[in-house]
Amino acid sequence: MTVAPRLRVIGPGRAGGSLATALMRAGWDVVGLLAHGDDVTDALEGTDLLVVAVPDRAIARVAALVVPNHRAVIAHLAGGLGIDVLGGHDRTAALHPLVSLPSAELGADRLAAGAWFAVAGDPLVQRAVVDLNGQWFEVADQDRARYHAAATIASNHLVALLGQVERVGASIGLPPEAYLDLARCSLENVALLGPAAALTGPVARGDWDTVARHLSSLDPTEHEAYRAMAAAARRLVDDGGVRFDDA
């Protein structure tokens with residue numbers, strides 16, 4: 001009989017709670033959840049994988065409080081930090097889920113639904129991804145800030161753009177839900193065709209008169225974001241080798 005790996009989590013919030021719940025469902029033995037104020041000195045004892053799921057700024061401090069144990073792995077969930085932040089522990093790793101985790105329950109469902117993970121360090125974290133039916137890729141320490149920037153753009157910046165959609169639509173009495181199907185279709189097009197081929201609209205056509213009308217109709221507080229994304233769309237057209245008369 002295969003012995004289930006043992007998991008302990010420091011910081012059972014949205015990320016730590018999601019991972020603990022997902023791996024427990026996948027057959028791992030969750031041997032403890034340590035919250036703020038708990039003694040973490042011996043947190044590596046009696047476990048195979050200790051996950052430090054605290055805010056990025058606190059990872060190094062918390063990891064330094066844990067007594068090293070060469071038999072167990074200590075890992076963090078931060079996307080933008082390398083494994084060097086874990087200090088002098090013998091076996092270190094990073095495991096960053098490339099998925100939004102709004103709550104422990106919903107997050108656990110998403111982690112077990114074929115999610116992508118950025119990993120580094122000890123291969124035990126790859127075992128965790130496999131047990132979750134996920135997919136993984138390695139990101140070196142020196143590349144993690146750029147990797148995390150891309151993740152932030154894909155998630156947080158997209159949400160901010162939809163916030164602008166909500167404001168502009170609301171200014172003429174339209175519900176934000178009216179635009180969600182359009183956004184979903186655009187994401188599906190990107191998945192099928194790639195960003196350059198999926199781009200439609202006035203910038204793709206080189207229709208600068210329409211762009212000017214948009215700007216003149218918008219509240220000036222919306223101009224900066226609109227101009228920035230129009231410039232990004234123009235770059236996408238240029239980089240994709242699409243001529244405006246072909247778009």
# chains A, B, ... in the order shown; residues from 1 in each chain; ligands from 1
>>> select_by_dssp(residues="range 63-224 of chain A", states="strand (DSSP E)", output="PDB file with N, CA and C atoms, in the first residue's frame")
ATOM      1  N   VAL A  73      10.034  18.811   3.076  1.00  0.00           N
ATOM      2  CA  VAL A  73      10.129  19.939   2.148  1.00  0.00           C
ATOM      3  C   VAL A  73       9.349  21.122   2.711  1.00  0.00           C
ATOM      4  N   ILE A  74       9.926  22.305   2.634  1.00  0.00           N
ATOM      5  CA  ILE A  74       9.219  23.532   2.964  1.00  0.00           C
ATOM      6  C   ILE A  74       9.023  24.321   1.670  1.00  0.00           C
ATOM      7  N   ALA A  75       7.807  24.754   1.423  1.00  0.00           N
ATOM      8  CA  ALA A  75       7.478  25.407   0.161  1.00  0.00           C
ATOM      9  C   ALA A  75       6.605  26.634   0.419  1.00  0.00           C
ATOM     10  N   HIS A  76       6.589  27.545  -0.538  1.00  0.00           N
ATOM     11  CA  HIS A  76       5.666  28.684  -0.470  1.00  0.00           C
ATOM     12  C   HIS A  76       4.795  28.703  -1.715  1.00  0.00           C
ATOM     13  N   THR A  92      13.690  22.795  -0.373  1.00  0.00           N
ATOM     14  CA  THR A  92      12.789  23.934  -0.556  1.00  0.00           C
ATOM     15  C   THR A  92      12.103  23.851  -1.904  1.00  0.00           C
ATOM     16  N   ALA A  93      10.962  24.509  -2.009  1.00  0.00           N
ATOM     17  CA  ALA A  93      10.207  24.469  -3.258  1.00  0.00           C
ATOM     18  C   ALA A  93       9.243  25.647  -3.312  1.00  0.00           C
ATOM     19  N   ALA A  94       8.727  25.887  -4.502  1.00  0.00           N
ATOM     20  CA  ALA A  94       7.676  26.880  -4.717  1.00  0.00           C
ATOM     21  C   ALA A  94       6.571  26.216  -5.522  1.00  0.00           C
ATOM     22  N   LEU A  95       5.329  26.539  -5.165  1.00  0.00           N
ATOM     23  CA  LEU A  95       4.164  25.937  -5.813  1.00  0.00           C
ATOM     24  C   LEU A  95       3.111  27.026  -5.952  1.00  0.00           C
ATOM     25  N   HIS A  96       3.029  27.614  -7.141  1.00  0.00           N
ATOM     26  CA  HIS A  96       2.084  28.722  -7.342  1.00  0.00           C
ATOM     27  C   HIS A  96       0.970  28.299  -8.283  1.00  0.00           C
ATOM     28  N   PRO A  97      -0.271  28.244  -7.776  1.00  0.00           N
ATOM     29  CA  PRO A  97      -1.392  27.886  -8.649  1.00  0.00           C
ATOM     30  C   PRO A  97      -1.787  29.051  -9.542  1.00  0.00           C
ATOM     31  N   TRP A 116      -3.164  24.892 -13.904  1.00  0.00           N
ATOM     32  CA  TRP A 116      -1.729  25.024 -14.154  1.00  0.00           C
ATOM     33  C   TRP A 116      -1.044  25.509 -12.879  1.00  0.00           C
ATOM     34  N   PHE A 117       0.197  25.063 -12.668  1.00  0.00           N
ATOM     35  CA  PHE A 117       0.994  25.477 -11.515  1.00  0.00           C
ATOM     36  C   PHE A 117       2.402  25.837 -11.987  1.00  0.00           C
ATOM     37  N   ALA A 118       2.969  26.877 -11.398  1.00  0.00           N
ATOM     38  CA  ALA A 118       4.382  27.191 -11.583  1.00  0.00           C
ATOM     39  C   ALA A 118       5.146  26.591 -10.412  1.00  0.00           C
ATOM     40  N   VAL A 119       6.116  25.733 -10.698  1.00  0.00           N
ATOM     41  CA  VAL A 119       6.841  25.046  -9.633  1.00  0.00           C
ATOM     42  C   VAL A 119       8.323  25.347  -9.731  1.00  0.00           C
ATOM     43  N   ALA A 120       9.001  25.114  -8.627  1.00  0.00           N
ATOM     44  CA  ALA A 120      10.462  25.214  -8.572  1.00  0.00           C
ATOM     45  C   ALA A 120      10.931  24.396  -7.391  1.00  0.00           C
ATOM     46  N   GLY A 121      12.174  23.939  -7.462  1.00  0.00           N
ATOM     47  CA  GLY A 121      12.766  23.254  -6.332  1.00  0.00           C
ATOM     48  C   GLY A 121      12.423  21.782  -6.242  1.00  0.00           C
ATOM     49  N   GLN A 135      -1.432  20.522 -14.254  1.00  0.00           N
ATOM     50  CA  GLN A 135      -0.301  20.629 -15.175  1.00  0.00           C
ATOM     51  C   GLN A 135       0.699  21.611 -14.575  1.00  0.00           C
ATOM     52  N   TRP A 136       1.989  21.355 -14.782  1.00  0.00           N
ATOM     53  CA  TRP A 136       2.986  22.217 -14.168  1.00  0.00           C
ATOM     54  C   TRP A 136       4.074  22.604 -15.166  1.00  0.00           C
ATOM     55  N   PHE A 137       4.694  23.727 -14.872  1.00  0.00           N
ATOM     56  CA  PHE A 137       5.892  24.154 -15.599  1.00  0.00           C
ATOM     57  C   PHE A 137       6.840  24.769 -14.574  1.00  0.00           C
ATOM     58  N   GLU A 138       8.126  24.701 -14.861  1.00  0.00           N
ATOM     59  CA  GLU A 138       9.126  25.236 -13.947  1.00  0.00           C
ATOM     60  C   GLU A 138       9.448  26.682 -14.295  1.00  0.00           C
TER      61      GLU A 138
END
>>> closest_residue(among="A:Ala225, A:Ala151, A:Arg14, A:Leu236", to="Gly194 in chain A", atoms="only C-alpha atoms")
A:Leu236
>>> residues_around(residues="range 173-190 of chain A", least_positions_apart="4", cutoff="10 Å", atoms="only C-alpha atoms", output="list in words")
Leu158, Leu162, Gly163, Gln164, Val165, Glu166, Arg167, Val168, Gly169, Gly194, Pro195, Ala196, Ala197, Ala198, Leu199 and Thr200 of chain A
>>> write_last_selection(atoms="N, CA and C atoms", output="tab-separated table (two decimals), in the first residue's frame")
chain	number	residue	atom	x	y	z
A	158	LEU	N	-7.34	42.22	-16.17
A	158	LEU	CA	-8.57	41.91	-16.89
A	158	LEU	C	-9.79	42.33	-16.07
A	162	LEU	N	-12.71	45.17	-16.98
A	162	LEU	CA	-14.15	44.94	-16.91
A	162	LEU	C	-14.81	45.92	-15.95
A	163	GLY	N	-14.04	46.42	-14.98
A	163	GLY	CA	-14.55	47.50	-14.15
A	163	GLY	C	-14.79	48.76	-14.97
A	164	GLN	N	-13.90	49.02	-15.93
A	164	GLN	CA	-14.12	50.16	-16.82
A	164	GLN	C	-15.35	49.94	-17.70
A	165	VAL	N	-15.52	48.72	-18.19
A	165	VAL	CA	-16.72	48.39	-18.96
A	165	VAL	C	-17.97	48.69	-18.13
A	166	GLU	N	-17.95	48.28	-16.87
A	166	GLU	CA	-19.10	48.51	-15.99
A	166	GLU	C	-19.40	49.99	-15.84
A	167	ARG	N	-18.35	50.80	-15.64
A	167	ARG	CA	-18.56	52.24	-15.46
A	167	ARG	C	-19.12	52.89	-16.72
A	168	VAL	N	-18.52	52.57	-17.87
A	168	VAL	CA	-18.94	53.21	-19.12
A	168	VAL	C	-20.36	52.76	-19.48
A	169	GLY	N	-20.65	51.47	-19.33
A	169	GLY	CA	-21.99	51.00	-19.63
A	169	GLY	C	-23.03	51.60	-18.70
A	194	GLY	N	-5.26	32.49	-30.82
A	194	GLY	CA	-4.16	33.32	-30.38
A	194	GLY	C	-4.58	34.79	-30.38
A	195	PRO	N	-3.91	35.64	-29.59
A	195	PRO	CA	-4.34	37.03	-29.44
A	195	PRO	C	-4.37	37.83	-30.74
A	196	ALA	N	-3.34	37.73	-31.57
A	196	ALA	CA	-3.29	38.57	-32.78
A	196	ALA	C	-4.45	38.27	-33.72
A	197	ALA	N	-4.71	36.98	-33.97
A	197	ALA	CA	-5.79	36.62	-34.89
A	197	ALA	C	-7.17	36.86	-34.28
A	198	ALA	N	-7.25	36.87	-32.93
A	198	ALA	CA	-8.54	37.04	-32.27
A	198	ALA	C	-8.96	38.50	-32.19
A	199	LEU	N	-8.03	39.42	-32.41
A	199	LEU	CA	-8.35	40.85	-32.25
A	199	LEU	C	-9.29	41.32	-33.35
A	200	THR	N	-10.38	41.96	-32.96
A	200	THR	CA	-11.31	42.59	-33.88
A	200	THR	C	-11.51	44.03	-33.43
>>> closest_residue(among="A:His223, A:His89, A:Arg8, A:Arg144", to="Leu50 in chain A", atoms="only C-alpha atoms")
A:Arg8
>>> decode(residues="range 61-201 of chain A", atoms="C-alpha atoms", output="PDB file, in the first residue's frame")
ATOM      1  CA  ARG A  61      10.312  35.652   8.552  1.00  0.00           C
ATOM      2  CA  VAL A  62       7.999  32.668   9.075  1.00  0.00           C
ATOM      3  CA  ALA A  63      10.350  30.227   7.314  1.00  0.00           C
ATOM      4  CA  ALA A  64      13.201  31.395   9.544  1.00  0.00           C
ATOM      5  CA  LEU A  65      11.172  30.458  12.634  1.00  0.00           C
ATOM      6  CA  VAL A  66      10.859  26.823  11.498  1.00  0.00           C
ATOM      7  CA  VAL A  67      13.576  24.428  12.696  1.00  0.00           C
ATOM      8  CA  PRO A  68      15.176  22.784   9.623  1.00  0.00           C
ATOM      9  CA  ASN A  69      14.516  19.116   8.943  1.00  0.00           C
ATOM     10  CA  HIS A  70      16.303  17.461   6.028  1.00  0.00           C
ATOM     11  CA  ARG A  71      13.552  14.836   5.610  1.00  0.00           C
ATOM     12  CA  ALA A  72      10.732  17.283   4.781  1.00  0.00           C
ATOM     13  CA  VAL A  73      10.129  19.939   2.148  1.00  0.00           C
ATOM     14  CA  ILE A  74       9.219  23.532   2.964  1.00  0.00           C
ATOM     15  CA  ALA A  75       7.478  25.407   0.161  1.00  0.00           C
ATOM     16  CA  HIS A  76       5.666  28.684  -0.470  1.00  0.00           C
ATOM     17  CA  LEU A  77       2.786  29.629  -2.769  1.00  0.00           C
ATOM     18  CA  ALA A  78       4.066  33.040  -3.887  1.00  0.00           C
ATOM     19  CA  GLY A  79       4.145  33.636  -7.616  1.00  0.00           C
ATOM     20  CA  GLY A  80       6.725  36.402  -7.656  1.00  0.00           C
ATOM     21  CA  LEU A  81       9.295  35.063  -5.180  1.00  0.00           C
ATOM     22  CA  GLY A  82      12.044  32.503  -5.639  1.00  0.00           C
ATOM     23  CA  ILE A  83      12.832  29.627  -3.330  1.00  0.00           C
ATOM     24  CA  ASP A  84      15.790  31.575  -1.933  1.00  0.00           C
ATOM     25  CA  VAL A  85      13.322  33.431   0.307  1.00  0.00           C
ATOM     26  CA  LEU A  86      12.953  30.203   2.328  1.00  0.00           C
ATOM     27  CA  GLY A  87      16.477  30.590   3.648  1.00  0.00           C
ATOM     28  CA  GLY A  88      18.749  27.767   4.741  1.00  0.00           C
ATOM     29  CA  HIS A  89      16.345  24.831   4.746  1.00  0.00           C
ATOM     30  CA  ASP A  90      17.655  21.668   3.073  1.00  0.00           C
ATOM     31  CA  ARG A  91      14.667  20.928   0.808  1.00  0.00           C
ATOM     32  CA  THR A  92      12.789  23.934  -0.556  1.00  0.00           C
ATOM     33  CA  ALA A  93      10.207  24.469  -3.258  1.00  0.00           C
ATOM     34  CA  ALA A  94       7.676  26.880  -4.717  1.00  0.00           C
ATOM     35  CA  LEU A  95       4.164  25.937  -5.813  1.00  0.00           C
ATOM     36  CA  HIS A  96       2.084  28.722  -7.342  1.00  0.00           C
ATOM     37  CA  PRO A  97      -1.392  27.886  -8.649  1.00  0.00           C
ATOM     38  CA  LEU A  98      -2.198  29.849 -11.793  1.00  0.00           C
ATOM     39  CA  VAL A  99      -5.851  30.176 -10.840  1.00  0.00           C
ATOM     40  CA  SER A 100      -7.985  32.588  -8.828  1.00  0.00           C
ATOM     41  CA  LEU A 101      -8.848  31.304  -5.334  1.00  0.00           C
ATOM     42  CA  PRO A 102     -11.712  33.404  -3.926  1.00  0.00           C
ATOM     43  CA  SER A 103     -12.501  30.945  -1.104  1.00  0.00           C
ATOM     44  CA  ALA A 104     -11.140  27.667   0.251  1.00  0.00           C
ATOM     45  CA  GLU A 105     -14.044  25.574  -1.035  1.00  0.00           C
ATOM     46  CA  LEU A 106     -14.264  27.115  -4.499  1.00  0.00           C
ATOM     47  CA  GLY A 107     -10.484  27.281  -4.675  1.00  0.00           C
ATOM     48  CA  ALA A 108     -10.171  23.569  -3.917  1.00  0.00           C
ATOM     49  CA  ASP A 109     -12.582  22.776  -6.749  1.00  0.00           C
ATOM     50  CA  ARG A 110     -10.539  24.877  -9.153  1.00  0.00           C
ATOM     51  CA  LEU A 111      -7.211  23.393  -8.063  1.00  0.00           C
ATOM     52  CA  ALA A 112      -8.549  19.923  -8.829  1.00  0.00           C
ATOM     53  CA  ALA A 113      -9.949  20.879 -12.238  1.00  0.00           C
ATOM     54  CA  GLY A 114      -6.760  20.616 -14.291  1.00  0.00           C
ATOM     55  CA  ALA A 115      -5.170  23.857 -13.080  1.00  0.00           C
ATOM     56  CA  TRP A 116      -1.729  25.024 -14.154  1.00  0.00           C
ATOM     57  CA  PHE A 117       0.994  25.477 -11.515  1.00  0.00           C
ATOM     58  CA  ALA A 118       4.382  27.191 -11.583  1.00  0.00           C
ATOM     59  CA  VAL A 119       6.841  25.046  -9.633  1.00  0.00           C
ATOM     60  CA  ALA A 120      10.462  25.214  -8.572  1.00  0.00           C
ATOM     61  CA  GLY A 121      12.766  23.254  -6.332  1.00  0.00           C
ATOM     62  CA  ASP A 122      12.039  19.866  -4.771  1.00  0.00           C
ATOM     63  CA  PRO A 123      10.071  17.482  -7.036  1.00  0.00           C
ATOM     64  CA  LEU A 124       7.580  16.667  -4.270  1.00  0.00           C
ATOM     65  CA  VAL A 125       5.555  19.699  -5.404  1.00  0.00           C
ATOM     66  CA  GLN A 126       5.327  18.146  -8.873  1.00  0.00           C
ATOM     67  CA  ARG A 127       3.825  15.068  -7.198  1.00  0.00           C
ATOM     68  CA  ALA A 128       1.242  17.339  -5.571  1.00  0.00           C
ATOM     69  CA  VAL A 129       0.263  18.796  -8.961  1.00  0.00           C
ATOM     70  CA  VAL A 130      -0.020  15.341 -10.525  1.00  0.00           C
ATOM     71  CA  ASP A 131      -2.212  14.160  -7.642  1.00  0.00           C
ATOM     72  CA  LEU A 132      -4.475  17.158  -8.298  1.00  0.00           C
ATOM     73  CA  ASN A 133      -4.729  16.180 -11.993  1.00  0.00           C
ATOM     74  CA  GLY A 134      -3.028  19.464 -12.824  1.00  0.00           C
ATOM     75  CA  GLN A 135      -0.301  20.629 -15.175  1.00  0.00           C
ATOM     76  CA  TRP A 136       2.986  22.217 -14.168  1.00  0.00           C
ATOM     77  CA  PHE A 137       5.892  24.154 -15.599  1.00  0.00           C
ATOM     78  CA  GLU A 138       9.126  25.236 -13.947  1.00  0.00           C
ATOM     79  CA  VAL A 139      10.011  28.894 -13.423  1.00  0.00           C
ATOM     80  CA  ALA A 140      13.532  29.796 -12.324  1.00  0.00           C
ATOM     81  CA  ASP A 141      14.028  32.244  -9.467  1.00  0.00           C
ATOM     82  CA  GLN A 142      15.293  34.991 -11.768  1.00  0.00           C
ATOM     83  CA  ASP A 143      12.190  34.732 -13.957  1.00  0.00           C
ATOM     84  CA  ARG A 144       9.504  34.607 -11.287  1.00  0.00           C
ATOM     85  CA  ALA A 145       8.788  38.347 -11.140  1.00  0.00           C
ATOM     86  CA  ARG A 146       8.137  38.398 -14.903  1.00  0.00           C
ATOM     87  CA  TYR A 147       6.047  35.234 -14.682  1.00  0.00           C
ATOM     88  CA  HIS A 148       3.958  36.765 -11.901  1.00  0.00           C
ATOM     89  CA  ALA A 149       3.584  40.017 -13.837  1.00  0.00           C
ATOM     90  CA  ALA A 150       2.015  38.030 -16.687  1.00  0.00           C
ATOM     91  CA  ALA A 151      -0.319  36.321 -14.221  1.00  0.00           C
ATOM     92  CA  THR A 152      -1.340  39.674 -12.761  1.00  0.00           C
ATOM     93  CA  ILE A 153      -2.099  41.054 -16.215  1.00  0.00           C
ATOM     94  CA  ALA A 154      -4.144  37.971 -17.118  1.00  0.00           C
ATOM     95  CA  SER A 155      -6.239  38.119 -13.954  1.00  0.00           C
ATOM     96  CA  ASN A 156      -6.198  41.419 -12.073  1.00  0.00           C
ATOM     97  CA  HIS A 157      -5.797  43.726 -15.060  1.00  0.00           C
ATOM     98  CA  LEU A 158      -8.571  41.906 -16.889  1.00  0.00           C
ATOM     99  CA  VAL A 159     -10.858  42.471 -13.909  1.00  0.00           C
ATOM    100  CA  ALA A 160      -9.876  46.156 -13.844  1.00  0.00           C
ATOM    101  CA  LEU A 161     -10.742  46.452 -17.552  1.00  0.00           C
ATOM    102  CA  LEU A 162     -14.152  44.938 -16.905  1.00  0.00           C
ATOM    103  CA  GLY A 163     -14.550  47.503 -14.151  1.00  0.00           C
ATOM    104  CA  GLN A 164     -14.119  50.164 -16.820  1.00  0.00           C
ATOM    105  CA  VAL A 165     -16.723  48.387 -18.962  1.00  0.00           C
ATOM    106  CA  GLU A 166     -19.100  48.508 -15.995  1.00  0.00           C
ATOM    107  CA  ARG A 167     -18.561  52.238 -15.460  1.00  0.00           C
ATOM    108  CA  VAL A 168     -18.945  53.205 -19.122  1.00  0.00           C
ATOM    109  CA  GLY A 169     -21.993  50.996 -19.629  1.00  0.00           C
ATOM    110  CA  ALA A 170     -23.620  52.253 -16.428  1.00  0.00           C
ATOM    111  CA  SER A 171     -23.220  55.842 -17.636  1.00  0.00           C
ATOM    112  CA  ILE A 172     -25.901  55.119 -20.260  1.00  0.00           C
ATOM    113  CA  GLY A 173     -27.944  52.786 -18.082  1.00  0.00           C
ATOM    114  CA  LEU A 174     -26.683  49.427 -19.340  1.00  0.00           C
ATOM    115  CA  PRO A 175     -26.108  46.451 -17.009  1.00  0.00           C
ATOM    116  CA  PRO A 176     -22.571  45.011 -16.911  1.00  0.00           C
ATOM    117  CA  GLU A 177     -23.998  41.539 -17.597  1.00  0.00           C
ATOM    118  CA  ALA A 178     -24.804  42.689 -21.121  1.00  0.00           C
ATOM    119  CA  TYR A 179     -21.092  42.693 -21.955  1.00  0.00           C
ATOM    120  CA  LEU A 180     -20.002  39.462 -20.259  1.00  0.00           C
ATOM    121  CA  ASP A 181     -20.872  37.158 -23.151  1.00  0.00           C
ATOM    122  CA  LEU A 182     -18.805  39.382 -25.442  1.00  0.00           C
ATOM    123  CA  ALA A 183     -15.854  39.115 -23.060  1.00  0.00           C
ATOM    124  CA  ARG A 184     -16.241  35.334 -22.806  1.00  0.00           C
ATOM    125  CA  CYS A 185     -16.337  34.975 -26.588  1.00  0.00           C
ATOM    126  CA  SER A 186     -13.190  37.061 -26.899  1.00  0.00           C
ATOM    127  CA  LEU A 187     -11.366  34.790 -24.448  1.00  0.00           C
ATOM    128  CA  GLU A 188     -12.563  31.745 -26.370  1.00  0.00           C
ATOM    129  CA  ASN A 189     -11.278  33.301 -29.592  1.00  0.00           C
ATOM    130  CA  VAL A 190      -7.878  33.860 -28.004  1.00  0.00           C
ATOM    131  CA  ALA A 191      -7.803  30.219 -26.885  1.00  0.00           C
ATOM    132  CA  LEU A 192      -8.648  29.044 -30.399  1.00  0.00           C
ATOM    133  CA  LEU A 193      -6.693  31.505 -32.539  1.00  0.00           C
ATOM    134  CA  GLY A 194      -4.158  33.324 -30.375  1.00  0.00           C
ATOM    135  CA  PRO A 195      -4.336  37.025 -29.440  1.00  0.00           C
ATOM    136  CA  ALA A 196      -3.286  38.566 -32.778  1.00  0.00           C
ATOM    137  CA  ALA A 197      -5.787  36.623 -34.889  1.00  0.00           C
ATOM    138  CA  ALA A 198      -8.537  37.041 -32.270  1.00  0.00           C
ATOM    139  CA  LEU A 199      -8.349  40.846 -32.250  1.00  0.00           C
ATOM    140  CA  THR A 200     -11.313  42.593 -33.883  1.00  0.00           C
ATOM    141  CA  GLY A 201     -12.715  46.111 -33.675  1.00  0.00           C
TER     142      GLY A 201
END
